[in-house]
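Source file: start-v2.cif. Holds: mmCIF, C-alpha atoms.
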```
data_coords
loop_
_atom_site.label_atom_id
_atom_site.label_comp_id
_atom_site.auth_asym_id
_atom_site.auth_seq_id
_atom_site.Cartn_x
_atom_site.Cartn_y
_atom_site.Cartn_z
CA MET Y 65 -113.90 16.97 169.87
CA ILE Y 66 -111.46 14.04 169.68
CA GLY Y 67 -114.39 11.73 168.93
CA ASN Y 68 -115.17 13.76 165.80
CA PHE Y 69 -111.87 12.76 164.25
CA PHE Y 70 -110.92 9.41 165.77
CA ASP Y 71 -112.84 6.28 166.68
CA ILE Y 72 -112.68 6.46 170.47
CA ASP Y 73 -115.11 4.53 172.66
CA LYS Y 74 -117.79 6.76 174.29
CA GLU Y 75 -117.02 5.34 177.71
CA LEU Y 76 -113.37 6.31 177.35
CA LEU Y 77 -114.32 9.78 176.10
CA ALA Y 78 -116.24 10.22 179.36
CA VAL Y 79 -113.09 9.27 181.27
CA ASP Y 80 -111.15 11.80 179.19
CA LYS Y 81 -113.59 14.55 180.20
CA GLU Y 82 -113.16 13.67 183.87
CA VAL Y 83 -109.38 13.58 183.52
CA MET Y 84 -109.26 17.04 181.95
CA GLU Y 85 -111.15 18.47 184.93
CA LEU Y 86 -108.84 16.74 187.40
CA CYS Y 87 -105.75 18.03 185.60
CA LYS Y 88 -106.83 21.70 185.47
CA PRO Y 89 -105.09 22.96 188.64
CA TYR Y 90 -101.86 21.15 187.70
CA PHE Y 91 -101.96 22.59 184.18
CA GLU Y 92 -102.26 26.06 185.72
CA ARG Y 93 -99.06 25.45 187.69
CA VAL Y 94 -97.31 24.42 184.48
CA ASP Y 95 -98.54 27.59 182.75
CA GLU Y 96 -97.06 29.73 185.52
CA VAL Y 97 -93.60 28.15 185.10
CA GLN Y 98 -93.85 28.41 181.31
CA GLN Y 99 -94.70 32.12 181.45
CA TYR Y 100 -91.73 32.81 183.74
CA ASN Y 101 -89.32 30.86 181.55
CA GLN Y 102 -90.60 32.40 178.34
CA LEU Y 103 -90.02 35.90 179.66
CA LYS Y 104 -86.59 34.87 180.95
CA VAL Y 105 -85.69 33.62 177.47
CA LEU Y 106 -86.96 36.81 175.81
CA LYS Y 107 -84.93 38.93 178.24
CA ALA Y 108 -81.79 36.92 177.37
CA PHE Y 109 -82.38 37.45 173.63
CA LYS Y 110 -82.72 41.21 174.18
CA GLU Y 111 -79.70 41.54 176.48
CA ASN Y 112 -77.49 39.54 174.10
CA ARG Y 113 -78.62 41.71 171.17
CA ILE Y 114 -79.43 38.74 168.96
CA SER Y 115 -79.84 39.96 165.39
CA ALA Y 116 -80.63 38.60 161.94
CA GLN Y 117 -76.89 38.24 161.37
CA HIS Y 118 -76.73 35.62 164.14
CA LEU Y 119 -79.10 33.41 162.17
CA VAL Y 120 -76.73 33.07 159.20
CA GLY Y 121 -74.28 30.17 159.23
CA THR Y 122 -70.64 29.80 158.17
CA THR Y 123 -68.55 27.18 156.39
CA GLY Y 124 -65.00 25.86 156.67
CA TYR Y 125 -63.25 26.53 159.94
CA GLY Y 126 -65.97 28.86 161.18
CA TYR Y 127 -63.61 31.43 162.67
CA ASP Y 128 -65.41 34.34 164.34
CA ASP Y 129 -68.83 32.73 163.78
CA MET Y 130 -71.04 35.25 165.56
CA GLY Y 131 -74.09 33.00 165.47
CA ARG Y 132 -72.23 30.16 167.18
CA ASP Y 133 -70.65 32.38 169.82
CA GLY Y 134 -73.85 34.33 170.37
CA LEU Y 135 -75.82 31.14 171.00
CA ASP Y 136 -73.26 30.06 173.60
CA ARG Y 137 -73.66 33.34 175.49
CA LEU Y 138 -77.44 33.33 175.15
CA PHE Y 139 -77.81 29.80 176.44
CA ALA Y 140 -75.48 30.43 179.37
CA ASP Y 141 -77.63 33.37 180.46
CA ILE Y 142 -80.85 31.36 180.12
CA VAL Y 143 -79.66 28.50 182.36
CA GLY Y 144 -77.81 30.73 184.82
CA ALA Y 145 -74.30 29.57 183.91
CA GLU Y 146 -70.98 31.40 183.53
CA ASP Y 147 -70.46 29.95 180.06
CA ALA Y 148 -71.87 27.37 177.65
CA LEU Y 149 -71.20 25.31 174.56
CA CYS Y 150 -74.54 25.11 172.76
CA ARG Y 151 -73.62 23.42 169.48
CA HIS Y 152 -75.06 21.42 166.63
CA ASN Y 153 -71.80 19.40 166.63
CA PHE Y 154 -73.06 17.29 169.53
CA MET Y 155 -74.73 14.23 168.01
CA SER Y 156 -76.76 13.08 171.02
CA GLY Y 157 -77.13 13.47 174.75
CA THR Y 158 -74.70 10.58 175.25
CA HIS Y 159 -72.13 12.21 172.97
CA THR Y 160 -72.50 15.49 174.88
CA LEU Y 161 -72.02 13.71 178.21
CA THR Y 162 -68.98 11.92 176.78
CA VAL Y 163 -67.37 15.22 175.75
CA ALA Y 164 -68.06 16.70 179.17
CA LEU Y 165 -66.65 13.76 181.14
CA PHE Y 166 -63.56 13.40 178.94
CA GLY Y 167 -63.17 17.17 179.13
CA VAL Y 168 -62.83 17.35 182.91
CA LEU Y 169 -61.39 13.94 183.84
CA ARG Y 170 -57.75 12.85 183.47
CA ALA Y 171 -55.87 9.56 183.91
CA GLY Y 172 -55.92 8.48 187.55
CA ASP Y 173 -59.06 10.50 188.35
CA THR Y 174 -62.23 8.88 189.67
CA LEU Y 175 -65.78 9.37 188.45
CA MET Y 176 -68.48 8.83 191.06
CA CYS Y 177 -72.10 8.43 190.01
CA ALA Y 178 -74.19 9.63 192.94
CA THR Y 179 -77.49 8.29 191.61
CA GLY Y 180 -76.67 4.61 191.12
CA ARG Y 181 -76.32 2.87 187.78
CA PRO Y 182 -76.45 5.47 184.99
CA TYR Y 183 -78.48 5.29 181.79
CA ASP Y 184 -77.71 2.31 179.56
CA THR Y 185 -75.87 4.17 176.79
CA LEU Y 186 -73.44 5.77 179.26
CA LEU Y 187 -72.18 2.41 180.52
CA GLY Y 188 -70.00 1.89 177.45
CA VAL Y 189 -68.61 5.40 177.81
CA ILE Y 190 -67.56 4.67 181.38
CA GLY Y 191 -66.36 1.15 180.54
CA VAL Y 192 -68.65 -0.84 182.85
CA ASP Y 193 -70.91 -2.42 180.22
CA GLY Y 194 -69.23 -5.81 180.54
CA SER Y 195 -67.57 -5.50 177.15
CA ASP Y 196 -63.87 -6.21 176.66
CA GLU Y 197 -63.72 -4.11 173.50
CA ASN Y 198 -61.12 -1.36 173.65
CA TYR Y 199 -63.14 1.45 172.09
CA GLY Y 200 -61.65 4.22 174.21
CA SER Y 201 -63.88 4.31 177.27
CA LEU Y 202 -62.98 6.27 180.40
CA LYS Y 203 -61.71 3.00 181.86
CA ASP Y 204 -59.43 2.49 178.85
CA TYR Y 205 -57.87 5.89 179.61
CA GLY Y 206 -57.16 5.02 183.24
CA ILE Y 207 -60.15 6.75 184.82
CA ASN Y 208 -61.68 4.91 187.77
CA TYR Y 209 -65.38 4.52 188.53
CA GLN Y 210 -67.50 4.07 191.62
CA GLN Y 211 -71.16 4.66 192.41
CA VAL Y 212 -73.44 5.33 195.34
CA GLU Y 213 -76.80 3.58 195.19
CA LEU Y 214 -79.99 5.47 195.84
CA LEU Y 215 -81.88 4.57 198.98
CA GLU Y 216 -85.03 2.45 198.72
CA ASN Y 217 -87.30 5.49 198.53
CA SER Y 218 -85.29 6.93 195.58
CA GLU Y 219 -83.67 9.45 197.91
CA PRO Y 220 -79.92 10.08 197.50
CA ASP Y 221 -77.63 8.53 200.07
CA LEU Y 222 -76.04 11.76 201.27
CA ASP Y 223 -73.80 10.11 203.86
CA GLY Y 224 -72.53 7.64 201.26
CA ILE Y 225 -71.95 10.45 198.76
CA ARG Y 226 -70.11 12.55 201.32
CA GLU Y 227 -67.79 9.65 202.15
CA MET Y 228 -67.15 8.47 198.56
CA ALA Y 229 -66.52 12.04 197.41
CA LYS Y 230 -63.29 11.99 199.41
CA THR Y 231 -61.74 9.73 196.76
CA SER Y 232 -63.56 11.12 193.70
CA THR Y 233 -62.77 13.83 191.16
CA VAL Y 234 -66.23 14.18 189.61
CA CYS Y 235 -69.63 13.64 191.22
CA HIS Y 236 -72.10 12.83 188.44
CA ILE Y 237 -75.85 13.19 188.93
CA GLN Y 238 -78.45 11.80 186.55
CA ARG Y 239 -81.55 13.93 186.95
CA SER Y 240 -83.98 11.79 184.98
CA ARG Y 241 -84.74 8.12 185.52
CA GLY Y 242 -83.58 6.41 182.34
CA TYR Y 243 -85.07 2.92 182.07
CA SER Y 244 -85.51 2.57 185.82
CA THR Y 245 -88.52 2.97 188.07
CA ARG Y 246 -86.99 5.58 190.34
CA LYS Y 247 -88.25 9.14 190.40
CA ALA Y 248 -86.56 12.02 188.62
CA LEU Y 249 -84.54 14.16 191.01
CA SER Y 250 -85.83 17.50 192.18
CA LEU Y 251 -83.64 20.59 192.13
CA GLU Y 252 -83.59 20.45 195.92
CA GLN Y 253 -82.24 16.88 195.83
CA ILE Y 254 -79.59 17.92 193.30
CA GLY Y 255 -78.64 20.75 195.65
CA ALA Y 256 -78.38 18.35 198.60
CA ILE Y 257 -76.14 15.97 196.61
CA SER Y 258 -73.90 18.85 195.50
CA LYS Y 259 -73.59 20.08 199.06
CA ALA Y 260 -72.78 16.63 200.45
CA ALA Y 261 -70.20 15.92 197.73
CA LYS Y 262 -68.42 19.23 198.33
CA GLU Y 263 -68.43 18.65 202.08
CA GLY Y 264 -66.55 15.42 201.40
CA ASN Y 265 -64.24 17.02 198.83
CA PRO Y 266 -64.30 20.81 198.31
CA ASP Y 267 -62.51 20.40 194.95
CA ILE Y 268 -64.94 17.89 193.49
CA ILE Y 269 -66.65 18.79 190.20
CA VAL Y 270 -70.42 18.22 190.20
CA THR Y 271 -71.87 17.36 186.79
CA VAL Y 272 -75.58 16.90 186.07
CA ASP Y 273 -77.12 14.96 183.21
CA ASN Y 274 -79.98 17.42 182.79
CA CYS Y 275 -81.70 15.61 179.89
CA TYR Y 276 -85.52 15.83 180.04
CA GLY Y 277 -85.36 18.29 182.95
CA GLU Y 278 -84.81 21.68 181.27
CA PHE Y 279 -87.54 24.31 181.73
CA THR Y 280 -89.61 22.09 184.01
CA HIS Y 281 -88.97 24.66 186.74
CA LYS Y 282 -87.98 28.31 186.91
CA GLU Y 283 -84.34 27.47 187.65
CA GLU Y 284 -81.76 24.98 186.40
CA PRO Y 285 -79.24 22.91 188.42
CA CYS Y 286 -76.53 25.60 188.11
CA ALA Y 287 -78.47 27.47 190.80
CA TYR Y 288 -78.26 24.41 193.06
CA GLY Y 289 -74.52 23.75 193.12
CA ALA Y 290 -73.91 22.04 189.77
CA ASP Y 291 -70.58 22.94 188.16
CA LEU Y 292 -71.64 21.60 184.75
CA ILE Y 293 -75.03 20.69 183.31
CA ILE Y 294 -75.33 18.67 180.13
CA GLY Y 295 -78.23 17.96 177.80
CA SER Y 296 -79.56 17.32 174.31
CA LEU Y 297 -81.20 19.82 171.97
CA ILE Y 298 -83.56 17.22 170.51
CA LYS Y 299 -85.13 17.12 173.96
CA ASN Y 300 -86.57 20.07 175.93
CA PRO Y 301 -84.20 22.96 175.12
CA GLY Y 302 -84.39 22.54 171.32
CA GLY Y 303 -88.12 23.17 171.33
CA GLY Y 304 -88.80 20.50 168.71
CA ILE Y 305 -87.17 22.77 166.12
CA ALA Y 306 -83.41 22.36 166.60
CA PRO Y 307 -82.50 19.52 164.19
CA THR Y 308 -79.63 18.19 166.31
CA GLY Y 309 -77.17 19.29 168.98
CA GLY Y 310 -76.51 19.50 172.68
CA TYR Y 311 -75.13 21.79 175.35
CA ILE Y 312 -72.62 21.89 178.17
CA ALA Y 313 -73.05 24.83 180.55
CA GLY Y 314 -71.58 25.89 183.87
CA ARG Y 315 -68.24 27.09 185.23
CA ALA Y 316 -66.28 28.94 182.54
CA ASP Y 317 -63.00 27.08 183.15
CA LEU Y 318 -64.68 23.69 182.84
CA VAL Y 319 -66.65 24.67 179.74
CA GLU Y 320 -63.37 25.80 178.17
CA LYS Y 321 -61.82 22.37 178.82
CA CYS Y 322 -64.83 20.71 177.22
CA GLY Y 323 -64.42 22.96 174.17
CA HIS Y 324 -60.94 21.56 173.61
CA ARG Y 325 -62.31 18.03 173.84
CA LEU Y 326 -65.15 18.81 171.43
CA THR Y 327 -62.72 19.95 168.72
CA ALA Y 328 -58.98 19.56 169.36
CA PRO Y 329 -56.56 20.59 172.11
CA GLY Y 330 -55.26 24.04 171.28
CA THR Y 331 -58.12 25.08 168.97
CA GLY Y 332 -61.02 24.54 171.33
CA ARG Y 333 -64.19 26.51 170.79
CA GLU Y 334 -62.62 28.92 168.28
CA ILE Y 335 -63.40 26.64 165.33
CA GLY Y 336 -66.49 24.86 164.07
CA CYS Y 337 -68.69 26.20 161.30
CA THR Y 338 -72.45 26.26 161.73
CA LEU Y 339 -73.56 25.67 158.12
CA GLU Y 340 -77.28 26.53 157.82
CA VAL Y 341 -78.60 25.46 161.22
CA MET Y 342 -78.42 28.63 163.30
CA ARG Y 343 -81.94 29.88 162.61
CA SER Y 344 -83.36 26.55 163.79
CA MET Y 345 -81.12 26.51 166.85
CA TYR Y 346 -82.13 30.00 168.00
CA LEU Y 347 -85.79 29.45 167.18
CA GLY Y 348 -85.81 26.13 169.05
CA VAL Y 349 -84.36 27.70 172.19
CA TYR Y 350 -86.89 30.53 171.94
CA PHE Y 351 -89.85 28.12 171.71
CA ALA Y 352 -88.49 25.69 174.32
CA PRO Y 353 -90.45 26.93 177.38
CA MET Y 354 -93.79 26.64 175.58
CA ILE Y 355 -92.99 23.26 174.01
CA THR Y 356 -91.73 21.86 177.33
CA ALA Y 357 -94.94 23.03 179.02
CA ASN Y 358 -97.00 21.11 176.44
CA ALA Y 359 -94.89 18.01 177.10
CA ILE Y 360 -95.41 18.32 180.86
CA LYS Y 361 -99.17 18.68 180.37
CA THR Y 362 -99.11 15.54 178.22
CA SER Y 363 -97.22 13.76 181.02
CA ILE Y 364 -99.76 14.84 183.64
CA TYR Y 365 -102.68 13.86 181.41
CA ALA Y 366 -101.20 10.43 180.59
CA SER Y 367 -100.58 9.74 184.26
CA CYS Y 368 -104.12 10.66 185.25
CA LEU Y 369 -105.80 8.81 182.36
CA TYR Y 370 -103.91 5.57 182.92
CA ASN Y 371 -104.61 5.78 186.66
CA LYS Y 372 -108.30 6.04 185.87
CA ILE Y 373 -108.26 2.86 183.77
CA GLY Y 374 -106.40 0.92 186.44
CA PHE Y 375 -102.67 1.24 185.77
CA ALA Y 376 -99.99 2.52 188.12
CA THR Y 377 -98.03 5.51 186.84
CA ASP Y 378 -95.09 7.53 188.03
CA PRO Y 379 -95.09 10.35 188.80
CA HIS Y 380 -98.70 10.55 189.93
CA TYR Y 381 -100.61 13.29 188.14
CA THR Y 382 -100.77 15.34 191.35
CA GLU Y 383 -96.99 15.33 191.84
CA ASP Y 384 -94.54 18.00 190.77
CA ARG Y 385 -92.70 17.24 187.52
CA ASN Y 386 -88.89 17.17 187.46
CA ASP Y 387 -88.72 15.82 183.91
CA ILE Y 388 -91.15 15.26 181.02
CA ILE Y 389 -91.44 11.48 181.44
CA THR Y 390 -94.34 9.40 182.71
CA SER Y 391 -93.73 5.73 183.31
CA ILE Y 392 -96.69 3.37 182.97
CA ALA Y 393 -96.71 -0.04 184.65
CA ALA Y 394 -98.01 -1.95 181.64
CA GLU Y 395 -98.02 -5.22 183.63
CA ASN Y 396 -97.15 -7.47 180.69
CA ALA Y 397 -95.40 -7.46 177.32
CA ASP Y 398 -98.66 -7.37 175.31
CA ASN Y 399 -99.84 -4.17 176.99
CA LEU Y 400 -96.40 -2.58 176.72
CA ILE Y 401 -96.19 -3.27 172.99
CA ALA Y 402 -99.77 -2.12 172.42
CA ILE Y 403 -99.12 1.25 174.08
CA CYS Y 404 -96.02 1.92 171.98
CA GLN Y 405 -97.66 0.80 168.74
CA ALA Y 406 -100.70 2.99 169.39
CA ILE Y 407 -98.54 6.07 169.99
CA GLN Y 408 -96.78 5.41 166.68
CA HIS Y 409 -100.12 5.03 164.88
CA MET Y 410 -101.20 8.45 166.19
CA SER Y 411 -98.00 10.25 165.20
CA PRO Y 412 -97.80 12.88 162.45
CA ILE Y 413 -94.88 11.09 160.75
CA ASP Y 414 -94.95 7.37 159.84
CA SER Y 415 -98.35 6.80 161.44
CA PHE Y 416 -98.74 3.79 159.15
CA ALA Y 417 -95.67 2.06 160.60
CA THR Y 418 -95.85 -0.52 163.37
CA PRO Y 419 -92.86 -0.77 165.72
CA TYR Y 420 -91.77 -4.13 167.13
CA PRO Y 421 -89.23 -5.02 169.82
CA SER Y 422 -85.71 -5.39 168.44
CA PRO Y 423 -82.06 -5.17 169.54
CA MET Y 424 -80.61 -1.66 169.80
CA PRO Y 425 -76.97 -0.62 170.29
CA GLY Y 426 -76.19 0.33 173.88
CA TYR Y 427 -79.01 -1.70 175.46
CA ASP Y 428 -78.94 -5.18 177.00
CA SER Y 429 -82.49 -6.20 176.01
CA ASP Y 430 -84.85 -5.74 173.08
CA ILE Y 431 -86.31 -2.24 172.83
CA ILE Y 432 -89.60 -1.10 171.35
CA MET Y 433 -89.68 2.55 170.38
CA ALA Y 434 -92.48 4.70 169.00
CA SER Y 435 -91.25 8.00 167.62
CA GLY Y 436 -93.21 9.35 164.67
CA SER Y 437 -91.35 12.62 164.85
CA PHE Y 438 -90.15 15.36 162.52
CA THR Y 439 -86.65 15.02 163.97
CA MET Y 440 -85.37 11.45 164.13
CA GLY Y 441 -85.19 10.28 167.74
CA SER Y 442 -86.57 13.51 169.15
CA SER Y 443 -88.07 12.89 172.59
CA ILE Y 444 -89.56 16.35 173.08
CA GLU Y 445 -91.96 15.21 170.38
CA LEU Y 446 -94.38 12.59 171.69
CA SER Y 447 -92.66 9.23 171.89
CA CYS Y 448 -92.97 6.06 173.90
CA ASP Y 449 -90.34 3.39 174.40
CA ALA Y 450 -89.39 0.58 176.70
CA PRO Y 451 -87.09 -2.37 177.20
CA VAL Y 452 -89.20 -5.50 176.81
CA ARG Y 453 -88.35 -7.00 180.17
CA ALA Y 454 -89.92 -7.31 183.60
CA PRO Y 455 -91.46 -5.31 185.22
CA TYR Y 456 -92.78 -4.20 181.78
CA THR Y 457 -92.70 -0.48 182.35
CA THR Y 458 -93.09 1.81 179.37
CA PHE Y 459 -91.78 5.37 179.29
CA MET Y 460 -93.82 8.08 177.59
CA GLN Y 461 -92.36 11.53 177.00
CA GLY Y 462 -92.73 14.65 174.95
CA GLY Y 463 -95.64 16.22 173.15
CA THR Y 464 -95.02 19.48 171.27
CA THR Y 465 -98.76 20.13 170.91
CA PHE Y 466 -100.98 19.06 173.78
CA ASP Y 467 -104.20 18.48 171.82
CA ALA Y 468 -102.63 16.01 169.40
CA SER Y 469 -100.69 14.32 172.20
CA ARG Y 470 -103.84 13.98 174.29
CA ALA Y 471 -105.55 12.21 171.38
CA ALA Y 472 -102.61 9.83 171.01
CA VAL Y 473 -102.52 8.95 174.70
CA LEU Y 474 -106.29 8.39 174.70
CA TYR Y 475 -106.01 6.10 171.67
CA SER Y 476 -103.23 4.11 173.35
CA ALA Y 477 -105.43 3.62 176.42
CA GLN Y 478 -108.21 2.30 174.20
CA LYS Y 479 -105.90 -0.28 172.64
CA VAL Y 480 -104.86 -1.53 176.08
CA ARG Y 481 -108.49 -1.79 177.16
CA GLU Y 482 -109.24 -3.83 174.04
CA ILE Y 483 -106.55 -6.34 175.07
CA SER Y 484 -108.08 -6.60 178.56
CA LYS Y 485 -111.55 -7.25 177.16
CA LYS Y 486 -110.24 -10.04 174.92
CA ALA Y 487 -108.55 -11.66 177.90
#
```

Kindly present the structure from the file in structure tokens form.
Amino acid sequence: MIGNFFDIDKELLAVDKEVMELCKPYFERVDEVQQYNQLKVLKAFKENRISAQHLVGTTGYGYDDMGRDGLDRLFADIVGAEDALCRHNFMSGTHTLTVALFGVLRAGDTLMCATGRPYDTLLGVIGVDGSDENYGSLKDYGINYQQVELLENSEPDLDGIREMAKTSTVCHIQRSRGYSTRKALSLEQIGAISKAAKEGNPDIIVTVDNCYGEFTHKEEPCAYGADLIIGSLIKNPGGGIAPTGGYIAGRADLVEKCGHRLTAPGTGREIGCTLEVMRSMYLGVYFAPMITANAIKTSIYASCLYNKIGFATDPHYTEDRNDIITSIAAENADNLIAICQAIQHMSPIDSFATPYPSPMPGYDSDIIMASGSFTMGSSIELSCDAPVRAPYTTFMQGGTTFDASRAAVLYSAQKVREISKKA
């Protein structure tokens, strides 16, 4: 079918057919999780009595905005939390994480990252990016930082976490890999880290950067000891429909503190109008399990296809998925750039554009990013990006519709094969 619309080599189409057969049992596992999560979401909508009135926004201060408050309650129920802030006011995952960390940390406290060096854009928030600029990082406000490195096999160092927790206020866990080659953490690993941290310090607050991990399993990290989970709505939980936003969910007292950091001390979550975005926010959350399942299938397919043409991928297509990302060992800069450019050329938006490596705020090397998406920067829609540096690993994520995403991945593989033949 793909060959009827796009110029794909017959030999590669034969590989595609083989890959689809190999992926079948793993797709079935994804479908089972998706069905469970979709019914869980529907049940939450019914129990929270979401009505047409919730879909209408407000202006000004937004006092008594039932759509805003209803979405908070709905989202908390979906992720198994006591409370949640699920708001369009969050501008990105990094902004949401910033609000959460500033919400629960105070001068003299210590933040411990239990999964090694965090994602690039969080370094400036913490104040460990090497910059002397006084922009108001955690460090500027007298908050200390320490980290525990992962072990060589990407397993958490539980003994190290237990010991360092004794002098820490917050234990922060990054579930996904960022621009590193480690594996995404499983819920069981998150649970083990939470347990170890609280053995070292029963009062420690465990926060989880849950970006890319929502709806990949039947449960979320709140069920595994996390006190707060944080994520972006232009990733999994926004279903490709929410135009912006993020969420903080978990213990009610901590969520309340974060509400006062999001707005202003004393007003907290009681203000904040929702304009005309509520319909998209609710609809995005409702579609999220299905859209995330399509993204996971795209990840499995990409991993299998690139394995078949001779490239190492992580996770392997047979492995369980703890996020929606597949990393591809492109081996050199030419392959890396070709993969990203091909994904852009097979996108529904700006397919005619060609991305090139360039500097990007928050990163220490040139970045190439393919994201021909309906929502700018959305990574639940198929995208592919990478820092152009050794070991030349590119990170592919998203895919709201599997059939179109499959065609894009197949086309990218063809472009890489063309480079190999020329060499």

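Residues lying within 7 Å of (-81.3, 17.4, 172.1). Counted over only C-alpha atoms, they are Ser156, Gly157, Gly295, Ser296, Leu297, Ile298, Lys299, Pro301, Gly302, Thr308, Gly309 and Gly310 of chain Y.
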
Could you dump the residues just selected with C-alpha atoms as a tab-separated table (two decimals), in the coordinates of the input?
```tsv
chain	number	residue	atom	x	y	z
Y	156	SER	CA	-76.76	13.08	171.02
Y	157	GLY	CA	-77.13	13.47	174.75
Y	295	GLY	CA	-78.23	17.96	177.80
Y	296	SER	CA	-79.56	17.32	174.31
Y	297	LEU	CA	-81.20	19.82	171.97
Y	298	ILE	CA	-83.56	17.22	170.51
Y	299	LYS	CA	-85.13	17.12	173.96
Y	301	PRO	CA	-84.20	22.96	175.12
Y	302	GLY	CA	-84.39	22.54	171.32
Y	308	THR	CA	-79.63	18.19	166.31
Y	309	GLY	CA	-77.17	19.29	168.98
Y	310	GLY	CA	-76.51	19.50	172.68
```

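Relative to atom CA of Y:Asn300, atom CA of Y:Ile444 is found at 5.6 Å.
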
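Candidate residues Y:Ala471, Y:His409, Y:Tyr100, Y:Lys321 were compared for distance to Y:Asn68, and the nearest is Y:Ala471, using all atoms listed in the file.
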
Worksheet item: Mind telling me what the PyMOL selection byres ((chain Y and resi 375-391) around 9) catches here, as a ChimeraX atom specification?
Response: /Y:86-87,90,239-241,245-251,274-281,300,356-357,359-374,392-395,444,457-462

Is it possible to get the residues within 9 Å of (-91.7, 5.5, 163.5) (coordinates as in the file, counting only C-alpha atoms) written as a short mmCIF file (atom, residue, chain, number, x, y, z; two decimals) with C-alpha atoms, keeping the file's coordinate frame?
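Saved result, part_21.cif, follows:
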```cif
data_model
loop_
_atom_site.label_atom_id
_atom_site.label_comp_id
_atom_site.auth_asym_id
_atom_site.auth_seq_id
_atom_site.Cartn_x
_atom_site.Cartn_y
_atom_site.Cartn_z
CA GLN Y 408 -96.78 5.41 166.68
CA HIS Y 409 -100.12 5.03 164.88
CA SER Y 411 -98.00 10.25 165.20
CA ILE Y 413 -94.88 11.09 160.75
CA ASP Y 414 -94.95 7.37 159.84
CA SER Y 415 -98.35 6.80 161.44
CA PHE Y 416 -98.74 3.79 159.15
CA ALA Y 417 -95.67 2.06 160.60
CA THR Y 418 -95.85 -0.52 163.37
CA PRO Y 419 -92.86 -0.77 165.72
CA MET Y 433 -89.68 2.55 170.38
CA ALA Y 434 -92.48 4.70 169.00
CA SER Y 435 -91.25 8.00 167.62
CA GLY Y 436 -93.21 9.35 164.67
CA SER Y 437 -91.35 12.62 164.85
CA MET Y 440 -85.37 11.45 164.13
#
```

Practice prompt. Using the chain letters and residue numbers of this document, give as a PyMOL selection string the residues selected by the PyMOL selection byres ((chain Y and resi 474) around 12).
Written response: chain Y and resi 66-67+70-81+83-84+362+365-370+372-373+403+406-407+410+466-473+475-481

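Shortest atom-to-atom contact with Y:Arg170 among Y:Glu227, Y:Thr233, Y:Arg151, Y:Gly126: Y:Thr233, counting all atoms listed in the file.
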
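You can rank Y:Pro421, Y:Gly314, Y:Gly323, Y:Gly180 by their closest distance to Y:Pro451 using all atoms listed in the file, and at the top of that list sits Y:Pro421.
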
Can you give me, as a compact mmCIF listing (two decimals) with C-alpha atoms, keeping the file's coordinate frame, the residues this file yields under the PyMOL selection byres ((chain Y and resi 210) around 12)?
```
# COMPACT_ATOMS: atom_id res chain seq x y z
CA ASP Y 173 -59.06 10.50 188.35
CA THR Y 174 -62.23 8.88 189.67
CA LEU Y 175 -65.78 9.37 188.45
CA MET Y 176 -68.48 8.83 191.06
CA CYS Y 177 -72.10 8.43 190.01
CA ALA Y 178 -74.19 9.63 192.94
CA THR Y 179 -77.49 8.29 191.61
CA GLY Y 180 -76.67 4.61 191.12
CA ARG Y 181 -76.32 2.87 187.78
CA PRO Y 182 -76.45 5.47 184.99
CA ILE Y 190 -67.56 4.67 181.38
CA GLY Y 191 -66.36 1.15 180.54
CA VAL Y 192 -68.65 -0.84 182.85
CA LYS Y 203 -61.71 3.00 181.86
CA ILE Y 207 -60.15 6.75 184.82
CA ASN Y 208 -61.68 4.91 187.77
CA TYR Y 209 -65.38 4.52 188.53
CA GLN Y 211 -71.16 4.66 192.41
CA VAL Y 212 -73.44 5.33 195.34
CA GLU Y 213 -76.80 3.58 195.19
CA GLY Y 224 -72.53 7.64 201.26
CA ILE Y 225 -71.95 10.45 198.76
CA GLU Y 227 -67.79 9.65 202.15
CA MET Y 228 -67.15 8.47 198.56
CA ALA Y 229 -66.52 12.04 197.41
CA LYS Y 230 -63.29 11.99 199.41
CA THR Y 231 -61.74 9.73 196.76
CA SER Y 232 -63.56 11.12 193.70
CA THR Y 233 -62.77 13.83 191.16
CA VAL Y 234 -66.23 14.18 189.61
CA CYS Y 235 -69.63 13.64 191.22
CA HIS Y 236 -72.10 12.83 188.44
```

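The space between atom CA of Y:Asp221 and atom CA of Y:Leu292 spans 21.0 Å.
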
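Nearest residue to Y:Ile142, choosing from Y:Thr464, Y:Ala108, Y:Leu318, Y:Asp223 and counting all atoms listed in the file: Y:Ala108.
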
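The space separating atom CA of Y:Val452 from atom CA of Y:Thr439 comes to 24.3 Å.
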
Worksheet item: Restricting the calculation to all atoms listed in the file, which member of Y:Ala287, Y:Ile305, Y:Met354, Y:Leu103 is positioned closest to Y:Met342?
Response: Y:Ile305

Item to complete: Might you pull out every residue within 6 Å of Y:Leu339, with all atoms listed in the file counted and same-chain residues fewer than 5 positions away left off, and present them as a list in words?
Response: Gly121, Thr122 and Thr123 of chain Y

Draw an axis-aligned box over all listed atoms of stretch 444-458 of chain Y, pad each side with 3 Å, and write its centre and edge lengths in Å, one decimal, as AutoDock Vina command-line options.
```
--center_x -90.7 --center_y 4.5 --center_z 177.8 --size_x 13.3 --size_y 29.7 --size_z 20.8
```

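Using only C-alpha atoms, the nearest neighbour of Y:Asp128 within the list Y:Thr338, Y:Asn101, Y:Asn112, Y:Ser258 is Y:Thr338.
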